[in-house]
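Novice: To start, I am sharing the structure in question, which I have written as structure tokens.
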4 protein chains.
Amino acid sequence: MSRFADPQDPRFRAINTSIGFDYRLAPHDLDQSTAHARMLARVGILSDDELAQLERGLEEVRAEIADGRFVVKDDDEDIHMAVERRLTEIVGPVGGKLHTARSRNDQVATDVALFVHERAHVARQMLCQLMTLLADRAEEHVDWSMPGYTHLQRAQPVYLSHHLMAHFWRLRRDAQRFEFCAHQAQVMPLGSGALAGVNFETDRDGIAEELGFTSVAPNSLDAVSNRDFVLDYLSAAAICGTHLSQLGAELVLWSSEEFGFVELPDAFASGSSIMPQKKNPDAAELLRGKAPRIVGHLTALHGVLHALPLAYNKDLQEDKEHLFDTVDTLELALNAASGMVDGARFHRERLSQAASDEMLAATDVADLLVKRGMPFRQAHGVVAGLVRHSIDRGVALSDLSEDELAELAPSLDAGYYEVLAQSSWLESKVSAGGTGLERVREQLVLAREILQQQSTLTR
Amino acid sequence: MSRFADPQDPRFRAINTSIGFDYRLAPHDLDQSTAHARMLARVGILSDDELAQLERGLEEVRAEIADGRFVVKDDDEDIHMAVERRLTEIVGPVGGKLHTARSRNDQVATDVALFVHERAHVARQMLCQLMTLLADRAEEHVDWSMPGYTHLQRAQPVYLSHHLMAHFWRLRRDAQRFEFCAHQAQVMPLGSGALAGVNFETDRDGIAEELGFTSVAPNSLDAVSNRDFVLDYLSAAAICGTHLSQLGAELVLWSSEEFGFVELPDAFASGSSIMPQKKNPDAAELLRGKAPRIVGHLTALHGVLHALPLAYNKDLQEDKEHLFDTVDTLELALNAASGMVDGARFHRERLSQAASDEMLAATDVADLLVKRGMPFRQAHGVVAGLVRHSIDRGVALSDLSEDELAELAPSLDAGYYEVLAQSSWLESKVSAGGTGLERVREQLVLAREILQQQSTLTR
Amino acid sequence: MSRFADPQDPRFRAINTSIGFDYRLAPHDLDQSTAHARMLARVGILSDDELAQLERGLEEVRAEIADGRFVVKDDDEDIHMAVERRLTEIVGPVGGKLHTARSRNDQVATDVALFVHERAHVARQMLCQLMTLLADRAEEHVDWSMPGYTHLQRAQPVYLSHHLMAHFWRLRRDAQRFEFCAHQAQVMPLGSGALAGVNFETDRDGIAEELGFTSVAPNSLDAVSNRDFVLDYLSAAAICGTHLSQLGAELVLWSSEEFGFVELPDAFASGSSIMPQKKNPDAAELLRGKAPRIVGHLTALHGVLHALPLAYNKDLQEDKEHLFDTVDTLELALNAASGMVDGARFHRERLSQAASDEMLAATDVADLLVKRGMPFRQAHGVVAGLVRHSIDRGVALSDLSEDELAELAPSLDAGYYEVLAQSSWLESKVSAGGTGLERVREQLVLAREILQQQSTLTR
Amino acid sequence: MSRFADPQDPRFRAINTSIGFDYRLAPHDLDQSTAHARMLARVGILSDDELAQLERGLEEVRAEIADGRFVVKDDDEDIHMAVERRLTEIVGPVGGKLHTARSRNDQVATDVALFVHERAHVARQMLCQLMTLLADRAEEHVDWSMPGYTHLQRAQPVYLSHHLMAHFWRLRRDAQRFEFCAHQAQVMPLGSGALAGVNFETDRDGIAEELGFTSVAPNSLDAVSNRDFVLDYLSAAAICGTHLSQLGAELVLWSSEEFGFVELPDAFASGSSIMPQKKNPDAAELLRGKAPRIVGHLTALHGVLHALPLAYNKDLQEDKEHLFDTVDTLELALNAASGMVDGARFHRERLSQAASDEMLAATDVADLLVKRGMPFRQAHGVVAGLVRHSIDRGVALSDLSEDELAELAPSLDAGYYEVLAQSSWLESKVSAGGTGLERVREQLVLAREILQQQSTLTR
């Protein structure tokens with residue numbers, strides 16, 4: 001019997017029904033229903049026989065879903081009702097006992113928490129895989145020189161290894177964020193009922209242990225309305241997505257004819273429908289293009305939650321599509337990034353040639369003056385004068401004559417010409433975290449230690 | 001023959017392929033291909049016989065798609081290649097002639113422009129339908145009084161008709177926005193080739209006319225990279241969505257036991273899985289909850305386009321899912337809003353009782369003093385004193401004695417008690433656009449004129 | 001006298017007070033107050049003498065504000081109360097009559113509408129200035145060849161003029177958006193009172209005419225809560241900002257040593273605190289970096305308006321800072337863009353050298369085959385084979401021998417080598433809107449016509 | 001001497017200069033400069049005497065800034081150059097030695113990290129203060145009954161204490177987020193130079209210790225481009241802001257005449273310029289209205305960072321205004337929230353009356369049937385029938401006669417009428433985390449323990 005006199009309007013159904021997307025939560029829903037049923041038996045609400053029937057029925061539903069045999073019916077508003085409906089078809093009226101001491105409000109929050117926990121773990125694993133590839137590629141190219149850039153202007157030379165490792169450290173912070181997120185998803189909502197708790201002495205701790213939660217939500221109103229763990233996932237994914245957009249943008253830039261620093265594998269490129277010569281870095285472009293999508297989902301969920309009163313409101317149903325598409329987008333992007341990092345072929349000559357641009361030594365010349373006692377700010381001015389002079393004359397810095405030098409920078413001597421000899425510029429960056437080879441090697445050791453620790457982290 | 005030595009990596013395909021969503025553009029793609037083929041024949045690039053074959057083939061493809069018989073193959077990267085592949089299967093090598101003087105870059109921009117134009121028109125029509133319902137409901141309840149609110153505090157009484165019409169004018173502006181958007185989508189990209197124009201003297205004006213565009217894009221680089229019309233649709237939809245969130249929020253609020261101003265039809269409500277008494281305004285909540293989704297898509301597309309160099313970049317493929325989901329979300333919401341506005345049952349007694357709160361007459365009392373010559377600011381202070389006094393004493397304003405009045409507001413006389421008699425408050429709002437009944441009737445006449453004009457607008 | 005027993009908490013004031021930012025609306029507030037006072041006199045609510053006093057007082061306040069003599073007091077919650085307070089100090093109690101038949105709710109909406117209308121007009125003018133510069137620079141470089149790019153890969157050669165004009169057309173659509181926005185801000189809220197209209201027969205049409213509005217808001221509830229015109233400005237500014245980010249990104253890219261297509265004027269660049277050789281395109285980078293700021297404001301205002309019930313709510317106070325910072329950011333960016341476009345020095349040799357990359361002629365070779373009767377798709381495959389062969393052999397396309405040609409592409413003859421002679425590639429793009437010189441000249445004529453029309457547009 | 005021939009254009013300065021906002025970083029900039037100078041002396045780059053001069057000069061600059069005596073000059077592009085310029089005026093050319101082995105790129109990243117760390121700590125403290133107030137108010141109202149809501153429909157009764165504590169747990173998660181953020185800001189960028197490290201053997205660990213960092217950034221390219229800690233602060237603040245919007249929205253709702261659950265203190269309310277009776281919950285509305293501002297800043301910074309190549313780009317200058325306004329907005333909102341939670345006066349009678357709505361017992365009636373052996377789903381249907389019957393008849397559930405009961409729900413007996421006696425409904429929620437009084441008391445104990453731990457956390 002329903003409380004309602006009239007059937008639902010098709011326009012209502014169209015906007016209200018969630019089975020089209022929450023079907024994806026089925027495995028978690030079955031896990032929690034099984035654990036819930038066991039708890040109900042443990043505290044005496046179900047008999048052993050009833051439990052056995054429910055367990056059997058739930059296993060059958062699980063199998064149908066796994067095999068693609070499960071048929072969604074028109075009246076199945078969501079995955080929870082669909083499972084209960086099918087369960088009851090299989091085991092009879094006892095199926096209706098499963099929803100004792102539970103509401104869809106705590107049920108769906110629990111499903112989503114389980115899902116977030118699982119995907120945060122997967123994201124962390126995928127990040128470690130990509131970090132490993134970056135460390136591998138850095139080791140392969142440990143002493144390849146290239147120009148470092150600021151403002152997209154050549155600034156100072158660095159090793160390609162150092163550049164690749166910059167991406168490593170970004171991803172390492174992403175992994176830390178997903179770890180935080182996984183932790184936040186480990187507080188179990190189940191047992192909070194619709195909003196106020198339930199009319200039965202239940203064993204929440206027991207279910208939590210069975211499902212892998214580390215504690216139970218201490219307040220039922222908060223538990224059914226809390227979607228913080230979804231925001232945590234989206235926040236972490238947005239930052240990770242932004243990092244991948246930066247990696248993608250660099251691959252696009254470096255693949256251009258003008259830079260020519262890298263060639264992506266054929267397996268990660270596509271052609272043009274009209275221009276036969278084109279090899280386009282589509283996947284790298286999509287690393288860029290998909291990042292804002294995640295930021296959009298994060299923005300949207302904040303909008304959904306904005307100003308909502310306690311406790312559960314239907315608006316919360318809008319958490320799932322934002323979450324699911326974020327998970328899919330992020331995992332797709334991490335996969336593509338791994339493939340590209342793995343297969344990218346760097347062009348040593350182009351990199352090295354660009355790194356040998358004499359202008360990149362200007363700071364070293366200034367520091368030479370500093371080492372001879374001139375305040376840095378003054379030294380900077382002296383070298384800026386040399387730069388301007390050489391640009392005006394259209395010659396290289398090393399083409400300036402000793403006479404010119406004597407006039408423009410009296411404190412400089414033959415050491416000037418020595419500094420402009422390329423090899424020294426990179427190795428002069430001796431400070432910790434700098435691009436000097438010894439420092440990069442220290443960095444790689446640290447990176448391997450971190451990867452080692454991560455690999456031993458269990459869920 | 002391909003330019004590439006290696007096959008595509010599955011991870012590349014997963015992120016690169018768009019057929020999963022751009023399949024939806026098939027009808028527009030077939031329209032433009034047919035028009036393109038006719039143009040190619042017109043300018044002598046195709047023979048009449050070749051055109052006839054292509055037309056026949058395209059019709060066959062269209063029929064397969066319409067009937068659901070069309071089979072997408074693994075290699076079909078997008079809808080354009082899928083159609084060309086199938087066409088060529090049907091008509092043989094001549095199918096390969098269709099892509100003459102065209103690139104996927106101008107092709108997809110054209111498909112999307114056609115789609116945007118169509119949906120902007122549909123949005124305008126759906127808005128007019130909802131506006132008509134609001135005007136109908138306003139007429140039905142033209143003289144029902146209710147409290148008007150500011151800061152969610154009762155402020156001054158208004159007619160329910162006036163309140164309903166406030167939503168009308170919001171939507172009217174939305175309709176204007178979609179009209180602007182439709183206009184912006186009427187500049188045809190087709191004929192711009194990959195980026196630079198094509199190597200043939202084509203007849204762009206002819207195709208434009210056949211497809212319903214009003215002009216052709218004057219710059220090929222701009223044409224293949226322009227997605228402004230998508231931003232225009234998303235911008236308009238975001239504002240419309242925000243308006244619907246406001247309508248939805250009001251229906252939720254008014255459906256609460258505490259307000260009790262409205263009851264939604266059973267056909268637009270749902271129950272609880274645990275609480276048998278519940279009747280929840282789910283669709284109204286989802287009007288709220290779905291609005292940020294559209295804002296999220298708008299934000300995301302801005303992110304996608306951020307800092308992109310000319311001309312086409314693969315990032316642009318990320319326009320479609322944002323657009324499609326926005327269209328679906330908006331149309332779903334407009335449909336649900338129409339259903340709720342149509343079926344809502346207002347509670348005259350609750351509305352009227354709330355409107356009779358004497359405090360709502362405070363401005364009228366102040367204006368009584370103004371009419372007797374007191375500056376408004378001073379009158380405001382006098383009445384504020386009466387309000388505070390009556391709150392302190394715990395009585396109604398009309399319960400203040402003549403003695404109290406004489407002390408606190410010497411300039412007030414028996415007119416004070418008259419003003420506090422309810423009926424006058426609403427009708428005293430005589431200014432244009434105010435809630436006075438005559439003014440509301442003027443407003444309704446204007447609204448009907450606008451609806452009449454809109455209904456005669458062709459695409 | 002106040003309705004309240006206790007003074008405001010400093011923490012309340014800190015979050016509530018808006019004078020810190022709405023002070024900027026003072027000129028519009030004074031305009032509307034003057035027009036409002038005149039209307040009050042016209043309908044007999046003020047005597048001629050009272051009007052004269054108010055006009056005198058308002059002029060004095062205006063002068064104080066213009067000269068920076070106006071002193072904001074601690075109790076001045078907002079600009080409206082500050083003006084009224086000061087006015088009353090100057091003219092005495094008659095100052096308290098100004099707020100008759102008006103509320104801050106309709107007052108602030110009117111101020112903001114006036115502000116939006118003004119700045120939308122300014123934005124349109126600044127856009128026309130930048131468009132004029134682009135057309136000028138395009139004419140200067142009308143026949144300079146450069147590579148056109150898709151996916152940041154060289155695709156087909158274009159003229160620099162054609163490329164510059166692509167930016168022109170983006171901005172032209174922006175100008176159209178601001179025109180729409182200005183139109184939407186021309187419906188006057190004033191006269192709507194707090195929410196329900198006012199207790200006086202006022203002359204709204206008269207005020208509207210004096211202030212430059214084209215009509216009066218037909219519904220008072222809508223009028224005091226409507227901020228659509230702010231959303232319209234932010235939406236237009238966001239799209240314009242995104243366009244400028246694309247221009248900025250290109251200037252950064254082209255300024256790199258690797259591209260070397262452009263040099264920004266010294267007056268629009270800055271150095272490094274440490275690297276003496278650096279010349280950084282800071283302003284171009286900030287065109288990029290400031291665009292998301294506008295999108296952020298747009299997102300935020302949507303969030304503010306989300307789910308708000310009618311009519312005025314304090315949340316609406318959060319419209320102004322988003323609007324003001326958007327206006328400042330956009331105008332700053334348009335100014336900087338004009339300066340850079342005006343002063344940029346293009347490097348003909350670098351552009352032309354890059355454009356002469358033979359691979360860019362691949363489409364032309366395919367179209368040669370098409371003109372000899374081969375279906376385009378097949379021709380595309382043949383040329384792709386030539387490309388792959390020449391890459392494998394490490395030679396240019398024109399280095400392939402006649403024997404190789406005969407084997408790989410039997411339908412090609414000496415015409416192949418002719419096509420690979422550079423000059424023909426650009427001029428072969430003969431289609432309307434293409435890069436062929438005649439087409440670019442047509443485009444420039446159209447652009448000048450549009451600029452001419454814009455310059456005659458009055459507000 | 002400058003590398004540039006021409007002075008900066010005023011339009012360039014207007015967009016480029018940051019001193020207007022980064023002045024705020026002065027204290028952190030001075031801290032780091034002092035620590036940097038000491039390090040330079042420690043490793044022998046500065047003499048003891050030079051260090052003494054620099055320390056004296058930096059102290060003088062600090063004093064000038066603290067006293068407001070510091071004068072910004074037109075050429076002071078940013079706070080770093082302003083400090084160095086003034087320092088050099090005070091101590092002479094030795095001031096130019098301070099910038100040895102440092103760049104503005106690592107300098108500004110370090111300032112911002114110090115700032116983020118400080119404000120994350122402050123946010124955590126302010127959250128604890130607000131959490132303490134919530135726990136205090138919960139204890140005061142531990143056994144006041146009120147209706148709990150889902151979908152804004154009365155659902156089941158809860159204690160006011162339980163409701164208040166739901167907000168407590170949200171804020172506790174916010175505090176955890178700021179803790180994570182503080183941790184992420186403890187990796188020191190300083191010593192990374194412009195991008196590649198510096199040409200000196202420096203002692204980064206020593207500076208880190210002096211400034212309170214826990215480690216040094218392992219990669220210089222990452223260090224100068226990393227703004228993750230800003231994103232972490234904005235992400236945490238956005239979630240916290242959304243939580244506060246929910247608290248604010250509830251206060252607005254509960255302050256309405258219709259709900260009447262709470263009255264805000266006069267010190268946190270304001271009146272109307274036109275309606276003398278109004279008492280508006282402005283600060284609560286602004287808790288709502290300011291939350292999207294933070295989300296806007298977060299969105300914007302993601303946009304800024306989108307697709308940026310390594311290493312430093314000027315776009316990064318756009319981190320600061322987003323961060324500063326977020327900090328100010330959040331702290332303003334937390335302060336206002338504390339004031340309102342502290343001063344809110346709840347209306348016991350209104351709350352209790354609303355809680356006594358018999359419909360709220362429907363779940364309890366269903367569970368009565370469950371306890372007698374009926375599957376829950378069937379019991380739910382039986383009670384839904386009773387509800388519909390009583391609505392149709394227009395009577396209360398307890399008004400149904402025994403005959404009606406016997407017909408509609410044969411398994412129910414006199415226990416039905418007992419359950420409908422109010423007092424039992426709340427106390428029947430015996431499950432952990434539920435609203436039963438004992439459970440709420442457990443919750444309060446846990447909350448106090450957490451607050452105790454937090455108060456012992458040092459920075």
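Simple scheme: letters A, B, ... for chains in structure tokens order, numbers from 1 for residues in each chain, numbers from 1 for ligands in the order shown.
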Report the residues of range 285-415 of chain D whose backbone DSSP state falls under alpha helix (DSSP H), written as a count of residues only.
Specialist: 89
Novice: Would you kindly return, as a compact mmCIF listing (two decimals) with all heavy atoms, in the first residue's frame, each protein, DNA or RNA residue with an atom no farther than 10 Å from any atom of Ala432 in chain A, considering only C-alpha atoms and excluding same-chain residues fewer than 2 positions away?
Specialist:
```
# COMPACT_ATOMS: atom_id res chain seq x y z
N LYS A 429 75.17 24.33 -9.94
CA LYS A 429 73.97 24.36 -9.09
C LYS A 429 74.11 23.28 -8.02
O LYS A 429 73.50 22.22 -8.09
CB LYS A 429 72.71 24.14 -9.92
CG LYS A 429 72.48 25.20 -11.00
CD LYS A 429 72.16 26.57 -10.43
CE LYS A 429 72.04 27.63 -11.52
NZ LYS A 429 73.30 27.89 -12.28
N VAL A 430 74.90 23.62 -7.03
CA VAL A 430 75.32 22.62 -6.04
C VAL A 430 74.40 22.56 -4.82
O VAL A 430 74.54 21.69 -3.97
CB VAL A 430 76.74 22.94 -5.55
CG1 VAL A 430 77.74 22.72 -6.67
CG2 VAL A 430 76.81 24.39 -5.04
N GLY A 434 68.94 21.23 -6.01
CA GLY A 434 69.32 21.85 -7.27
C GLY A 434 69.56 20.82 -8.36
O GLY A 434 69.46 19.61 -8.12
N THR A 435 69.94 21.29 -9.54
CA THR A 435 70.04 20.39 -10.68
C THR A 435 71.42 19.74 -10.82
O THR A 435 71.61 18.90 -11.70
CB THR A 435 69.65 21.13 -11.99
OG1 THR A 435 69.32 20.16 -12.99
CG2 THR A 435 70.81 22.01 -12.49
N GLY A 436 72.38 20.12 -9.95
CA GLY A 436 73.67 19.45 -9.99
C GLY A 436 73.50 17.94 -9.92
O GLY A 436 72.62 17.45 -9.21
N GLU A 438 74.95 15.41 -8.61
CA GLU A 438 74.97 14.72 -7.31
C GLU A 438 73.63 14.93 -6.59
O GLU A 438 73.10 14.03 -5.94
CB GLU A 438 76.11 15.29 -6.47
CG GLU A 438 76.52 14.39 -5.34
CD GLU A 438 77.68 15.03 -4.56
OE1 GLU A 438 78.42 15.84 -5.17
OE2 GLU A 438 77.82 14.72 -3.37
N ARG A 439 73.13 16.15 -6.70
CA ARG A 439 71.85 16.48 -6.05
C ARG A 439 70.69 15.69 -6.66
O ARG A 439 69.78 15.25 -5.96
CB ARG A 439 71.58 17.98 -6.16
CG ARG A 439 72.59 18.85 -5.41
CD ARG A 439 72.74 18.42 -3.98
NE ARG A 439 73.34 19.47 -3.15
CZ ARG A 439 73.49 19.37 -1.84
NH1 ARG A 439 73.14 18.26 -1.19
NH2 ARG A 439 74.03 20.36 -1.15
N VAL A 440 70.72 15.56 -7.99
CA VAL A 440 69.66 14.78 -8.65
C VAL A 440 69.72 13.33 -8.19
O VAL A 440 68.70 12.69 -7.96
CB VAL A 440 69.79 14.88 -10.19
CG1 VAL A 440 68.81 13.93 -10.87
CG2 VAL A 440 69.55 16.32 -10.65
N GLU A 442 70.81 12.22 -5.30
CA GLU A 442 70.20 12.20 -3.94
C GLU A 442 68.68 12.15 -4.04
O GLU A 442 68.00 11.43 -3.31
CB GLU A 442 70.54 13.49 -3.18
CG GLU A 442 71.90 13.58 -2.56
CD GLU A 442 72.16 14.99 -1.99
OE1 GLU A 442 71.19 15.73 -1.72
OE2 GLU A 442 73.34 15.33 -1.86
N GLN A 443 68.17 12.99 -4.95
CA GLN A 443 66.72 13.10 -5.13
C GLN A 443 66.13 11.76 -5.58
O GLN A 443 65.05 11.36 -5.12
CB GLN A 443 66.49 14.16 -6.23
CG GLN A 443 65.11 14.73 -6.29
CD GLN A 443 64.94 15.66 -7.51
OE1 GLN A 443 63.95 15.64 -8.19
NE2 GLN A 443 65.96 16.48 -7.80
N GLY D 191 65.91 28.51 -1.35
CA GLY D 191 67.15 27.85 -1.70
C GLY D 191 67.09 27.20 -3.07
O GLY D 191 68.08 26.65 -3.54
N SER D 192 65.90 27.26 -3.69
CA SER D 192 65.76 26.68 -5.02
C SER D 192 66.18 27.65 -6.11
O SER D 192 66.25 27.28 -7.28
CB SER D 192 64.30 26.26 -5.24
OG SER D 192 63.93 25.31 -4.28
N GLY D 197 68.19 25.70 -8.58
CA GLY D 197 69.15 25.69 -7.48
C GLY D 197 70.07 26.89 -7.63
O GLY D 197 69.93 27.68 -8.57
N VAL D 198 71.02 27.02 -6.70
CA VAL D 198 71.91 28.19 -6.76
C VAL D 198 73.37 27.77 -6.83
O VAL D 198 73.72 26.62 -6.55
CB VAL D 198 71.68 29.13 -5.54
CG1 VAL D 198 70.25 29.70 -5.57
CG2 VAL D 198 71.95 28.41 -4.24
N PHE D 200 75.81 28.26 -5.01
CA PHE D 200 76.52 28.30 -3.73
C PHE D 200 76.11 27.09 -2.91
O PHE D 200 74.98 26.62 -3.00
CB PHE D 200 76.16 29.58 -2.96
CG PHE D 200 76.49 30.85 -3.71
CD1 PHE D 200 75.56 31.43 -4.57
CD2 PHE D 200 77.74 31.46 -3.56
CE1 PHE D 200 75.87 32.59 -5.28
CE2 PHE D 200 78.04 32.63 -4.27
CZ PHE D 200 77.11 33.20 -5.13
N GLU D 201 77.02 26.64 -2.09
CA GLU D 201 76.70 25.57 -1.13
C GLU D 201 75.98 26.24 0.04
O GLU D 201 76.63 26.84 0.90
CB GLU D 201 77.97 24.89 -0.63
CG GLU D 201 78.75 24.11 -1.65
CD GLU D 201 78.48 22.60 -1.56
OE1 GLU D 201 77.50 22.22 -0.87
OE2 GLU D 201 79.23 21.83 -2.17
N THR D 202 74.70 26.18 0.07
CA THR D 202 73.94 26.86 1.11
C THR D 202 73.52 25.87 2.19
O THR D 202 73.72 24.66 2.05
CB THR D 202 72.69 27.51 0.51
OG1 THR D 202 71.96 26.50 -0.19
CG2 THR D 202 73.06 28.62 -0.46
N ASP D 203 72.95 26.40 3.25
CA ASP D 203 72.47 25.54 4.35
C ASP D 203 70.96 25.67 4.45
O ASP D 203 70.44 26.42 5.27
CB ASP D 203 73.15 25.98 5.65
CG ASP D 203 72.55 25.26 6.85
OD1 ASP D 203 71.93 24.19 6.67
OD2 ASP D 203 72.68 25.80 7.98
N ARG D 204 70.26 24.94 3.58
CA ARG D 204 68.81 25.06 3.56
C ARG D 204 68.17 24.52 4.83
O ARG D 204 67.18 25.06 5.31
CB ARG D 204 68.22 24.33 2.35
CG ARG D 204 68.67 24.95 1.02
CD ARG D 204 68.06 24.21 -0.15
NE ARG D 204 66.64 24.46 -0.24
CZ ARG D 204 65.77 23.68 -0.88
NH1 ARG D 204 66.20 22.59 -1.50
NH2 ARG D 204 64.48 23.98 -0.91
N ASP D 205 68.72 23.44 5.37
CA ASP D 205 68.14 22.85 6.57
C ASP D 205 68.15 23.83 7.73
O ASP D 205 67.21 23.89 8.52
CB ASP D 205 68.90 21.57 6.97
CG ASP D 205 68.62 20.44 5.97
OD1 ASP D 205 67.50 20.41 5.41
OD2 ASP D 205 69.51 19.61 5.74
N VAL D 216 62.96 20.45 3.45
CA VAL D 216 63.22 21.35 2.32
C VAL D 216 62.75 20.67 1.03
O VAL D 216 62.81 19.46 0.90
CB VAL D 216 64.72 21.71 2.21
CG1 VAL D 216 65.20 22.37 3.49
CG2 VAL D 216 65.56 20.50 1.86
N ALA D 217 62.26 21.48 0.10
CA ALA D 217 61.75 20.94 -1.16
C ALA D 217 62.87 20.21 -1.89
O ALA D 217 63.95 20.77 -2.09
CB ALA D 217 61.21 22.06 -2.04
N PRO D 218 62.62 18.96 -2.32
CA PRO D 218 63.69 18.16 -2.92
C PRO D 218 63.97 18.47 -4.38
O PRO D 218 64.91 17.92 -4.93
CB PRO D 218 63.18 16.72 -2.76
CG PRO D 218 61.70 16.85 -2.65
CD PRO D 218 61.40 18.20 -2.09
N ASN D 219 63.17 19.31 -5.01
CA ASN D 219 63.37 19.57 -6.43
C ASN D 219 63.08 21.05 -6.69
O ASN D 219 61.98 21.53 -6.46
CB ASN D 219 62.42 18.68 -7.27
CG ASN D 219 62.59 18.87 -8.77
OD1 ASN D 219 62.38 19.97 -9.27
ND2 ASN D 219 62.99 17.83 -9.47
N SER D 220 64.10 21.74 -7.19
CA SER D 220 63.99 23.20 -7.31
C SER D 220 62.94 23.65 -8.33
O SER D 220 62.26 24.64 -8.12
CB SER D 220 65.36 23.78 -7.68
OG SER D 220 65.83 23.20 -8.89
```
Novice: Show which residues sit within 12 Å of Val108 in chain C, as a ChimeraX atom specification. Count only C-alpha atoms, and ignore same-chain residues fewer than 6 positions away.
Specialist: /C:18,22-26,28-30,32-33,78-81,102,114-115,188-194,223-227,312,314,316-317,319-320 /D:273
Novice: What are the residues of chain C lining chain A at 7 Å or less? Count only C-alpha atoms, and put the answer as a ChimeraX atom specification.
Specialist: /C:151-153,252,256-259,274-277,280-281,303,359,362-363,380,383-384,387
Novice: If we count only C-alpha atoms, what is near Ala138 in chain D at a cut-off of 8 Å, once residues fewer than 3 positions away on the same chain are taken out, given as a PyMOL selection string?
Specialist: chain D and resi 134-135+141-142+160-162+164-165
Novice: Which of range 245-314 of chain D end up as strand (DSSP E or B) when DSSP is run on this backbone - answer as a ChimeraX atom specification?
Specialist: /D:262-263,270,280
Novice: Applying 10 Å and only C-alpha atoms, which residues near Ser398 in chain D remain after dropping the ones on its own chain fewer than 6 positions away? List them as a PyMOL selection string.
Specialist: chain D and resi 358-359+390+416-421
Novice: Between C:Asp143, C:Asp106, C:Asp315, C:Glu60, single out the one closest to Asp222 in chain C, counting only C-alpha atoms.
Specialist: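 Looking at the shortest contact to Asp222 in chain C, the residue is C:Asp106.
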Novice: I'd like the interatomic distance between CA of Ala63 in chain A and CA of Ala185 in chain A, to a tenth of an Å.
Specialist: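 Result for CA of Ala63 in chain A versus CA of Ala185 in chain A: 27.0 Å, one decimal.
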Novice: Could you please determine the separation between CA of Leu251 in chain D and CA of Gly339 in chain D in Å, to one decimal place?
Specialist: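 Straight-line distance from CA of Leu251 in chain D to CA of Gly339 in chain D works out to 12.4 Å.
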Novice: Would you mind telling me which residue in D:Ser47, D:Gln129, D:Gln246, D:Asn105 lies nearest to Asn313 in chain D when using only C-alpha atoms?
Specialist: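 Nearest to Asn313 in chain D: D:Asn105.
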Novice: How many Å separate CA of Ala333 in chain D from CA of Leu287 in chain D?
Specialist: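 Those two atoms sit 5.9 Å apart.
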Novice: Within 8 Å of Glu179 in chain A, counting only C-alpha atoms, which residues show up once you throw out same-chain ones fewer than 6 positions away? Write them as a PyMOL selection string, please.
Specialist: chain A and resi 120-121+124
Novice: Write out, as a compact mmCIF listing (two decimals), in the first residue's frame, the residues just selected, with N, CA and C atoms.
Specialist:
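Once everything was written out, this is out-v8.txt:
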```
# COMPACT_ATOMS: atom_id res chain seq x y z
N ALA A 120 39.89 5.87 -4.04
CA ALA A 120 41.02 6.65 -3.53
C ALA A 120 42.26 5.75 -3.47
N HIS A 121 42.03 4.52 -3.07
CA HIS A 121 43.12 3.55 -3.02
C HIS A 121 43.66 3.28 -4.43
N ARG A 124 45.72 6.16 -5.70
CA ARG A 124 47.05 6.17 -5.10
C ARG A 124 47.96 5.15 -5.79
```
